[in-house]
$ cat work-v1.cif   # mmCIF, C-alpha atoms
data_protein
#
loop_
_atom_site.label_atom_id
_atom_site.label_comp_id
_atom_site.auth_asym_id
_atom_site.auth_seq_id
_atom_site.Cartn_x
_atom_site.Cartn_y
_atom_site.Cartn_z
CA MET A 1 138.77 139.82 118.94
CA ASN A 2 136.69 137.22 120.76
CA PRO A 3 136.40 134.10 118.54
CA ASN A 4 133.83 132.49 120.82
CA THR A 5 130.05 132.57 120.43
CA THR A 6 128.21 134.55 123.12
CA ILE A 7 124.50 134.02 123.80
CA THR A 8 122.83 136.89 125.65
CA ASP A 9 119.50 137.18 127.51
CA LYS A 10 118.05 138.92 124.47
CA ASP A 11 119.09 136.03 122.19
CA LYS A 12 117.61 133.54 124.64
CA LYS A 13 114.25 135.35 124.64
CA ILE A 14 114.13 135.30 120.83
CA PHE A 15 114.95 131.57 120.80
CA GLU A 16 112.37 130.82 123.51
CA THR A 17 109.55 132.70 121.80
CA THR A 18 110.30 131.50 118.28
CA LEU A 19 110.83 127.84 119.14
CA GLY A 20 107.83 127.88 121.52
CA ASN A 21 105.65 129.13 118.65
CA PHE A 22 107.24 126.60 116.33
CA LEU A 23 106.21 123.70 118.60
CA LYS A 24 102.69 125.12 118.92
CA ASN A 25 102.28 125.61 115.16
CA SER A 26 103.83 122.36 114.01
CA GLY A 27 102.61 120.06 116.80
CA ALA A 28 106.13 118.62 117.06
CA ARG A 29 107.37 116.98 120.24
CA THR A 30 110.83 118.52 120.62
CA VAL A 31 113.05 121.00 118.88
CA LEU A 32 116.72 121.90 119.16
CA LEU A 33 118.57 124.89 117.80
CA VAL A 34 122.15 123.74 117.23
CA ASP A 35 125.27 125.44 115.88
CA ARG A 36 127.60 123.81 113.35
CA ASN A 37 129.94 122.59 116.08
CA GLY A 38 127.20 120.59 117.77
CA PHE A 39 126.65 123.06 120.62
CA ILE A 40 123.01 123.50 121.61
CA LEU A 41 121.86 127.12 121.36
CA HIS A 42 118.38 126.39 122.69
CA ARG A 43 116.00 123.50 123.30
CA ALA A 44 112.22 123.34 123.68
CA GLY A 45 109.68 120.57 124.25
CA ASP A 46 109.83 117.17 125.91
CA PHE A 47 113.34 115.73 126.32
CA LYS A 48 112.53 113.09 128.96
CA SER A 49 113.43 110.18 126.70
CA ILE A 50 115.83 111.92 124.33
CA ASP A 51 119.51 112.69 124.99
CA ALA A 52 119.54 116.22 123.56
CA GLN A 53 123.33 116.45 123.31
CA SER A 54 123.66 113.19 121.37
CA LEU A 55 120.81 114.24 119.10
CA ALA A 56 122.56 117.57 118.42
CA VAL A 57 125.95 116.01 117.64
CA LEU A 58 124.48 113.32 115.40
CA ALA A 59 122.30 115.83 113.55
CA VAL A 60 125.31 118.06 112.84
CA SER A 61 127.36 115.11 111.54
CA GLU A 62 124.45 113.87 109.50
CA TYR A 63 123.99 117.30 108.01
CA ALA A 64 127.68 117.58 107.10
CA SER A 65 127.50 114.21 105.32
CA THR A 66 124.44 115.40 103.46
CA GLN A 67 126.27 118.49 102.23
CA ALA A 68 129.06 116.27 100.89
CA LEU A 69 126.36 114.20 99.19
CA ALA A 70 124.90 117.40 97.70
CA ARG A 71 128.22 118.32 96.14
CA THR A 72 128.56 114.80 94.75
CA ILE A 73 125.32 115.20 92.82
CA GLY A 74 126.14 118.74 91.69
CA GLU A 75 123.95 120.59 94.20
CA GLU A 76 125.36 123.55 96.09
CA GLU A 77 123.38 122.69 99.19
CA ILE A 78 120.62 120.43 100.50
CA SER A 79 118.74 122.74 102.84
CA ALA A 80 116.63 120.18 104.73
CA VAL A 81 116.80 116.49 105.66
CA PHE A 82 113.96 114.22 106.76
CA HIS A 83 114.42 110.88 108.57
CA GLN A 84 111.38 108.63 108.70
CA GLY A 85 110.90 106.24 111.61
CA LYS A 86 107.89 104.12 112.58
CA LYS A 87 106.58 106.26 115.43
CA ASN A 88 108.92 109.27 115.35
CA HIS A 89 110.55 111.23 112.60
CA VAL A 90 113.41 113.75 112.51
CA HIS A 91 113.55 116.89 110.39
CA ILE A 92 116.74 118.96 110.09
CA SER A 93 116.86 122.35 108.38
CA MET A 94 119.71 124.82 108.05
CA ILE A 95 119.67 128.50 109.05
CA ALA A 96 122.14 130.99 107.56
CA LYS A 97 124.67 128.16 107.01
CA THR A 98 125.72 128.36 110.66
CA ALA A 99 122.93 126.76 112.70
CA MET A 100 120.17 124.22 112.29
CA ILE A 101 116.72 123.40 113.60
CA VAL A 102 116.45 119.74 114.63
CA THR A 103 112.86 118.63 115.15
CA VAL A 104 111.55 115.33 116.50
CA PHE A 105 107.88 114.72 115.75
CA SER A 106 105.41 111.86 115.89
CA SER A 107 103.96 110.06 112.88
CA ASN A 108 100.54 111.67 113.30
CA ILE A 109 102.02 115.00 112.19
CA THR A 110 102.84 115.61 108.55
CA VAL A 111 106.35 116.49 107.48
CA SER A 112 105.00 119.36 105.38
CA MET A 113 103.53 120.96 108.51
CA VAL A 114 106.92 120.74 110.24
CA ARG A 115 108.73 122.00 107.15
CA LEU A 116 106.40 124.97 106.78
CA SER A 117 106.67 125.89 110.47
CA ALA A 118 110.47 125.50 110.36
CA ARG A 119 110.62 127.83 107.38
CA GLU A 120 108.60 130.45 109.26
CA ALA A 121 110.75 130.10 112.41
CA SER A 122 113.93 130.33 110.33
CA LYS A 123 113.08 133.86 109.22
CA THR A 124 113.18 135.16 112.81
CA LEU A 125 116.04 132.92 113.91
CA GLN A 126 118.23 133.83 110.96
CA LYS A 127 118.35 137.45 112.07
CA ALA A 128 119.31 136.45 115.62
CA ILE A 129 121.94 133.96 114.41
CA LEU A 130 123.55 136.50 112.08
CA ASP A 131 123.51 139.05 114.91
CA ILE A 132 125.35 136.59 117.20
CA ALA A 133 127.90 135.86 114.45
CA SER A 134 128.50 139.60 113.89
CA ARG A 135 129.39 140.07 117.58
CA LYS A 136 132.43 137.77 117.36
CA MET B 1 134.94 127.76 119.00
CA ALA B 2 133.50 127.84 122.49
CA GLN B 3 129.92 128.84 123.11
CA ILE B 4 129.39 131.18 126.07
CA ASN B 5 125.76 131.31 127.12
CA VAL B 6 125.55 134.34 129.39
CA ALA B 7 121.78 133.91 129.73
CA ASP B 8 122.00 130.35 131.12
CA LYS B 9 125.49 130.76 132.66
CA GLU B 10 126.88 127.89 130.61
CA ILE B 11 130.06 127.44 128.60
CA ALA B 12 130.43 124.68 126.01
CA VAL B 13 133.86 123.73 124.70
CA LYS B 14 135.06 121.12 122.23
CA ILE B 15 138.19 119.05 122.81
CA VAL B 16 139.42 116.74 120.05
CA TYR B 17 141.66 113.69 120.54
CA TYR B 18 143.67 113.46 117.32
CA GLY B 19 146.36 110.97 116.24
CA PRO B 20 147.20 108.02 114.01
CA ALA B 21 145.09 104.87 113.72
CA MET B 22 145.16 102.54 116.74
CA SER B 23 147.10 104.99 118.94
CA GLY B 24 144.51 104.77 121.73
CA LYS B 25 142.22 107.78 121.26
CA THR B 26 139.01 105.85 121.84
CA THR B 27 140.62 104.01 124.78
CA ASN B 28 141.26 107.39 126.43
CA LEU B 29 137.59 108.33 126.18
CA LEU B 30 136.41 104.89 127.29
CA TYR B 31 138.57 105.10 130.41
CA ILE B 32 137.30 108.60 131.23
CA HIS B 33 133.73 107.45 130.66
CA GLN B 34 134.15 104.48 133.02
CA ARG B 35 135.70 106.56 135.80
CA ILE B 36 133.69 109.75 135.93
CA PRO B 37 131.10 109.96 138.70
CA ASN B 38 127.47 109.41 137.74
CA LYS B 39 126.59 113.06 138.23
CA GLY B 40 126.88 114.85 134.95
CA ARG B 41 127.56 111.61 133.14
CA THR B 42 125.78 110.74 129.95
CA ASP B 43 126.30 107.96 127.48
CA MET B 44 129.36 107.89 125.28
CA LEU B 45 128.44 107.95 121.64
CA SER B 46 130.53 105.79 119.31
CA ILE B 47 130.16 105.32 115.62
CA ALA B 48 132.43 102.37 114.93
CA THR B 49 132.73 99.49 112.48
CA GLU B 50 132.19 95.87 113.53
CA GLY B 51 135.88 95.57 114.30
CA ASP B 52 135.52 98.44 116.79
CA ARG B 53 137.57 100.82 114.65
CA THR B 54 136.26 104.38 114.86
CA LEU B 55 134.36 105.04 111.65
CA TYR B 56 133.10 108.55 112.28
CA PHE B 57 133.90 109.73 115.81
CA ASP B 58 133.43 109.02 119.50
CA PHE B 59 131.72 111.64 121.62
CA LEU B 60 131.71 112.04 125.40
CA PRO B 61 130.09 115.02 127.16
CA LEU B 62 131.32 116.05 130.64
CA GLU B 63 130.23 118.81 132.99
CA SER B 64 132.12 120.75 135.64
CA ASN B 65 132.04 123.97 137.64
CA ILE B 66 135.60 124.94 136.84
CA ILE B 67 134.63 128.62 136.37
CA PRO B 68 132.70 130.13 139.30
CA GLY B 69 129.19 131.10 138.24
CA PHE B 70 129.23 129.05 135.06
CA LYS B 71 128.45 125.43 134.30
CA THR B 72 131.14 124.24 131.90
CA LYS B 73 130.30 121.52 129.39
CA PHE B 74 133.29 119.77 127.86
CA GLN B 75 132.59 117.83 124.69
CA LEU B 76 135.29 115.26 124.03
CA TYR B 77 135.62 113.89 120.51
CA THR B 78 137.98 111.45 118.82
CA VAL B 79 138.68 111.43 115.10
CA PRO B 80 139.05 108.28 112.99
CA GLY B 81 142.81 107.73 112.68
CA GLN B 82 142.80 105.83 109.42
CA VAL B 83 144.28 107.85 106.55
CA LEU B 84 141.21 107.20 104.39
CA TYR B 85 138.85 109.17 106.62
CA ASN B 86 140.33 112.65 106.30
CA ALA B 87 137.01 114.28 105.38
CA THR B 88 135.59 113.10 108.69
CA ARG B 89 138.65 114.32 110.61
CA LYS B 90 138.20 117.79 109.11
CA LEU B 91 134.57 117.84 110.15
CA VAL B 92 135.29 116.79 113.74
CA LEU B 93 138.21 119.21 113.98
CA GLN B 94 136.01 122.14 112.96
CA GLY B 95 135.59 124.56 115.87
CA ALA B 96 137.89 122.61 118.24
CA ASP B 97 138.87 124.64 121.32
CA GLY B 98 141.61 122.23 122.36
CA ILE B 99 143.51 119.30 120.87
CA VAL B 100 145.13 116.26 122.48
CA PHE B 101 147.49 114.56 120.06
CA VAL B 102 147.64 110.87 121.02
CA ALA B 103 150.91 109.44 119.69
CA ASP B 104 151.74 105.72 119.62
CA SER B 105 155.04 105.13 121.46
CA GLN B 106 156.04 102.04 119.51
CA TRP B 107 159.16 102.46 117.36
CA SER B 108 157.33 101.11 114.33
CA LYS B 109 154.65 103.82 114.63
CA GLN B 110 156.84 106.93 114.68
CA ARG B 111 156.34 107.59 110.96
CA ASP B 112 152.56 107.34 111.45
CA ASN B 113 152.76 109.84 114.33
CA VAL B 114 154.61 112.38 112.23
CA ASP B 115 152.27 111.90 109.25
CA SER B 116 149.22 112.34 111.49
CA LEU B 117 150.64 115.52 113.05
CA ASP B 118 151.36 116.89 109.56
CA ASN B 119 147.78 116.00 108.62
CA LEU B 120 146.50 117.89 111.68
CA VAL B 121 148.47 121.00 110.69
CA GLU B 122 147.19 120.74 107.09
CA ASN B 123 143.58 120.35 108.17
CA LEU B 124 143.82 123.31 110.54
CA THR B 125 145.41 125.41 107.80
CA GLU B 126 142.47 124.59 105.52
CA GLN B 127 140.22 126.00 108.25
CA SER B 128 142.41 129.16 108.40
CA ARG B 129 143.76 128.17 111.81
CA GLU B 130 147.23 127.42 113.17
CA LEU B 131 148.32 124.81 115.68
CA ASN B 132 150.18 127.56 117.56
CA ASP B 133 146.86 129.30 118.27
CA VAL B 134 145.00 126.24 119.60
CA PRO B 135 145.57 124.91 123.15
CA TYR B 136 147.31 121.64 122.38
CA ILE B 137 149.16 118.89 124.25
CA LEU B 138 151.03 115.72 123.36
CA GLU B 139 150.16 112.35 124.85
CA TYR B 140 152.73 109.58 124.39
CA ASN B 141 150.59 106.47 124.81
CA LYS B 142 151.36 102.75 125.20
CA ARG B 143 154.35 103.37 127.49
CA ASP B 144 153.88 99.86 128.92
CA LEU B 145 154.94 98.14 125.70
CA LYS B 146 158.49 96.86 125.19
CA ASP B 147 159.58 98.19 121.84
CA ILE B 148 158.95 101.89 122.42
CA ALA B 149 160.77 105.09 121.46
CA GLN B 150 162.44 107.21 124.14
CA ILE B 151 160.60 110.34 125.21
CA ASP B 152 163.42 112.57 123.95
CA HIS B 153 163.10 111.02 120.52
CA MET B 154 159.33 111.46 120.38
CA SER B 155 159.69 114.97 121.68
CA TYR B 156 162.22 115.72 118.92
CA LEU B 157 159.81 114.39 116.29
CA LEU B 158 156.53 115.84 117.56
CA ASN B 159 157.13 118.73 119.95
CA ARG B 160 158.50 121.08 117.35
CA LYS B 161 156.43 124.20 117.88
CA LYS B 162 158.23 127.47 118.65
CA VAL B 163 156.89 127.17 122.18
CA ARG B 164 157.09 123.58 123.44
CA VAL B 165 153.75 122.15 124.54
CA PRO B 166 153.12 119.91 127.59
CA GLU B 167 153.89 116.22 127.09
CA PHE B 168 152.41 113.29 129.01
CA GLU B 169 153.29 109.60 129.19
CA THR B 170 150.22 107.38 129.34
CA VAL B 171 148.97 103.82 129.32
CA ALA B 172 145.37 104.38 128.27
CA THR B 173 144.40 100.70 128.70
CA THR B 174 145.06 100.97 132.45
CA GLY B 175 144.23 104.67 132.68
CA LYS B 176 147.72 105.75 133.72
CA GLY B 177 148.07 109.47 132.94
CA VAL B 178 144.72 109.74 131.15
CA PHE B 179 143.19 112.17 133.65
CA ASP B 180 146.43 114.19 133.84
CA VAL B 181 146.04 114.78 130.11
CA LEU B 182 142.36 115.68 130.44
CA ASN B 183 142.99 118.08 133.33
CA ALA B 184 145.83 119.78 131.50
CA ILE B 185 143.93 120.37 128.26
CA CYS B 186 140.81 121.56 130.12
CA ARG B 187 142.87 124.08 132.11
CA MET B 188 144.57 125.39 128.97
CA VAL B 189 141.27 125.75 127.09
CA ILE B 190 139.53 127.52 129.98
CA ALA B 191 142.50 129.87 130.48
CA LYS B 192 142.30 130.89 126.82
CA ILE B 193 138.53 131.45 126.93
CA ILE B 194 138.83 133.57 130.08
CA LYS B 195 141.54 135.64 128.41
CA GLU B 196 139.52 136.16 125.23
CA SER B 197 136.08 136.65 126.71
CA ASP B 198 136.48 138.60 129.96
CA ILE B 199 134.29 135.90 131.47
CA ASN B 200 135.16 136.66 135.07
CA ASN B 201 132.96 139.74 134.81
CA GLN B 202 129.99 137.78 133.43
CA GLY B 203 129.57 134.97 135.97
CA GLY B 204 128.03 137.15 138.63
CA GLY B 205 129.35 134.79 141.32
CA LYS B 206 126.15 132.78 141.03
#

$ encode --input "work-v1.cif" --output "structure tokens"
Amino acid sequence: MNPNTTITDKDKKIFETTLGNFLKNSGARTVLLVDRNGFILHRAGDFKSIDAQSLAVLAVSEYASTQALARTIGEEEISAVFHQGKKNHVHISMIAKTAMIVTVFSSNITVSMVRLSAREASKTLQKAILDIASRK
Amino acid sequence: MAQINVADKEIAVKIVYYGPAMSGKTTNLLYIHQRIPNKGRTDMLSIATEGDRTLYFDFLPLESNIIPGFKTKFQLYTVPGQVLYNATRKLVLQGADGIVFVADSQWSKQRDNVDSLDNLVENLTEQSRELNDVPYILEYNKRDLKDIAQIDHMSYLLNRKKVRVPEFETVATTGKGVFDVLNAICRMVIAKIIKESDINNQGGGK
């Protein structure tokens, strides 16, 4: 058995198309698809001024803390997290409990637009993520 | 566990520096960060308290071409050593492809070393993993101090797996042995991934 995660050309195409559409629909600046270990599965958008790897690792840690917080208040899971800045915001949402979409977007875009687009993208991505997990 | 991106010819692996509080885990990463060439170097991420004790983790990404045809990304993490922060240690340990156990050589710290190693085994067990199955090495740090335990003694206390693992003497503050440790763990991790993933047939010699 191979315990490692393998990303194929087919997976990459699905990520590219889905996250490309996500950026177009939401108007967000950048998006990362990250696994629970902080490894980047795919990235799309403008990363000139953002360290993608640091963003991925911090988002994963943040999300893990949030799940501990969820249990503390009697929730099984908190499925999305929103961080509000002055000019830029961050939205994190979970897919199939094994990956997450990390979005950076400017303050002229509403969080509900990002959330809605992330929910749409998740439907396609979930299938691909579960397919990758089943190949292990 | 490692991520093998066949489409982009990239491999990402996670190496965790584990060990008791103040044994020198962060100092290892700081030394590596200072010495690596600018190419492939990005900022080290530290989440520490005001007293510079690791609160959450330190994170240092490195890149190499150790496998022909693939860019290999090593992600180095430390855990917080303080007993209180076990939940964080479990989180950082999740999915680790290799572990460096940084032990403090001082006589007075031998109990802490053993407790931390026991804690590592417990945390792996909770994740349905065994130390025997993870590439793992022992680093005996602070060898420049006066009141330190002999290597044989530390080996007796800590190197108790069925198959003995590599041991290294280091002085992380001056960098002595730090890269020997890094090279050794990287080689062990890559050897395991190649064995498990048949990666030599996927690189395409690119």

$ interface_residues --input "work-v1.cif" --of "chain B" --to "chain A" --cutoff "9 Å" --atoms "only C-alpha atoms" --output "PyMOL selection string"
chain B and resi 1-8+12-14+42-45+56+59+61+75+88+91-92+94-96+193+196-197

$ write_last_selection --input "work-v1.cif" --atoms "C-alpha atoms" --output "short mmCIF file (atom, residue, chain, number, x, y, z; two decimals), keeping the file's coordinate frame"
data_model
loop_
_atom_site.label_atom_id
_atom_site.label_comp_id
_atom_site.auth_asym_id
_atom_site.auth_seq_id
_atom_site.Cartn_x
_atom_site.Cartn_y
_atom_site.Cartn_z
CA MET B 1 134.94 127.76 119.00
CA ALA B 2 133.50 127.84 122.49
CA GLN B 3 129.92 128.84 123.11
CA ILE B 4 129.39 131.18 126.07
CA ASN B 5 125.76 131.31 127.12
CA VAL B 6 125.55 134.34 129.39
CA ALA B 7 121.78 133.91 129.73
CA ASP B 8 122.00 130.35 131.12
CA ALA B 12 130.43 124.68 126.01
CA VAL B 13 133.86 123.73 124.70
CA LYS B 14 135.06 121.12 122.23
CA THR B 42 125.78 110.74 129.95
CA ASP B 43 126.30 107.96 127.48
CA MET B 44 129.36 107.89 125.28
CA LEU B 45 128.44 107.95 121.64
CA TYR B 56 133.10 108.55 112.28
CA PHE B 59 131.72 111.64 121.62
CA PRO B 61 130.09 115.02 127.16
CA GLN B 75 132.59 117.83 124.69
CA THR B 88 135.59 113.10 108.69
CA LEU B 91 134.57 117.84 110.15
CA VAL B 92 135.29 116.79 113.74
CA GLN B 94 136.01 122.14 112.96
CA GLY B 95 135.59 124.56 115.87
CA ALA B 96 137.89 122.61 118.24
CA ILE B 193 138.53 131.45 126.93
CA GLU B 196 139.52 136.16 125.23
CA SER B 197 136.08 136.65 126.71
#

$ closest_atom_pairs --input "work-v1.cif" --of "range 5-69 of chain A" --to "range 84-101 of chain A" --cutoff "8 Å" --atoms "all atoms listed in the file" --output "CSV"
residue,atom,partner,partner_atom,distance
A:Val31,CA,A:Ile101,CA,6.9
A:Leu32,CA,A:Ile101,CA,5.8
A:Leu33,CA,A:Ile101,CA,4.8
A:Val34,CA,A:Met100,CA,5.3
A:Asp35,CA,A:Ala99,CA,4.2
A:Arg36,CA,A:Ala99,CA,5.6
A:Ala59,CA,A:Ile92,CA,7.3
A:Tyr63,CA,A:Ile92,CA,7.7

$ residues_around --input "work-v1.cif" --residues "range 19-30 of chain B" --least-positions-apart "5" --cutoff "10 Å" --atoms "all atoms listed in the file" --output "PyMOL selection string"
chain B and resi 35+44+46+52-54+57-60+76-83+99-106+109-117+119-120+138-142+170-179+181-182

$ closest_residue --input "work-v1.cif" --among "B:Ser108, B:Ile67, B:His33, B:Val121" --to "Ile194 in chain B" --atoms "all atoms listed in the file"
B:Ile67

$ atom_distance --input "work-v1.cif" --atom1 "CA of Lys90 in chain B" --atom2 "CA of Asn123 in chain B"
6.0 Å

$ atom_distance --input "work-v1.cif" --atom1 "CA of Phe47 in chain A" --atom2 "CA of Ser122 in chain A"
21.7 Å

$ atom_distance --input "work-v1.cif" --atom1 "CA of Gln67 in chain A" --atom2 "CA of Gly27 in chain A"
27.8 Å

$ residues_around --input "work-v1.cif" --residues "range 114-121 of chain A" --least-positions-apart "4" --cutoff "7 Å" --atoms "only C-alpha atoms" --output "VMD selection string"
chain A and resid 18 22 25 to 26 110 125

$ resolve_selection --input "work-v1.cif" --expression "the PyMOL selection byres ((chain A and resi 29) around 8)" --output "PyMOL selection string"
chain A and resi 23+27-28+30-31+45-46+103-106

$ resolve_selection --input "work-v1.cif" --expression "the PyMOL selection byres ((chain B and resi 71) around 9)" --output "PyMOL selection string"
chain B and resi 8-12+63-70+72-73

$ closest_residue --input "work-v1.cif" --among "B:Leu157, B:Leu145, B:Leu93, B:Leu62" --to "Gln127 in chain B" --atoms "all atoms listed in the file"
B:Leu93

$ closest_residue --input "work-v1.cif" --among "B:Val16, B:Val189, B:Leu131, B:Arg143" --to "Lys162 in chain B" --atoms "all atoms listed in the file"
B:Leu131

$ decode --input "work-v1.cif" --residues "range 85-98 of chain A" --atoms "N, CA and C atoms" --output "compact mmCIF listing (two decimals), in the first residue's frame"
# COMPACT_ATOMS: atom_id res chain seq x y z
N GLY A 85 -9.90 41.68 7.56
CA GLY A 85 -8.84 42.68 7.67
C GLY A 85 -9.38 44.02 7.23
N LYS A 86 -8.48 45.01 7.04
CA LYS A 86 -8.94 46.32 6.57
C LYS A 86 -9.13 46.30 5.05
N LYS A 87 -8.09 45.83 4.35
CA LYS A 87 -8.16 45.83 2.88
C LYS A 87 -8.41 44.42 2.33
N ASN A 88 -7.89 43.41 3.04
CA ASN A 88 -8.02 42.02 2.57
C ASN A 88 -8.63 41.13 3.64
N HIS A 89 -9.36 40.18 3.18
CA HIS A 89 -9.98 39.21 4.10
C HIS A 89 -9.54 37.79 3.70
N VAL A 90 -9.70 36.86 4.63
CA VAL A 90 -9.40 35.45 4.34
C VAL A 90 -10.63 34.60 4.66
N HIS A 91 -10.94 33.69 3.77
CA HIS A 91 -12.05 32.76 4.00
C HIS A 91 -11.50 31.34 3.87
N ILE A 92 -11.79 30.50 4.85
CA ILE A 92 -11.31 29.11 4.81
C ILE A 92 -12.53 28.18 4.90
N SER A 93 -12.64 27.25 3.97
CA SER A 93 -13.75 26.29 4.07
C SER A 93 -13.23 24.88 3.80
N MET A 94 -13.83 23.93 4.52
CA MET A 94 -13.35 22.54 4.49
C MET A 94 -14.03 21.74 3.38
N ILE A 95 -13.29 20.80 2.81
CA ILE A 95 -13.86 19.88 1.81
C ILE A 95 -13.60 18.45 2.27
N ALA A 96 -14.66 17.69 2.42
CA ALA A 96 -14.57 16.26 2.73
C ALA A 96 -13.63 15.96 3.90
N LYS A 97 -13.50 16.87 4.82
CA LYS A 97 -12.69 16.72 6.04
C LYS A 97 -11.21 16.45 5.77
N THR A 98 -10.77 16.56 4.52
CA THR A 98 -9.37 16.25 4.24
C THR A 98 -8.64 17.38 3.52
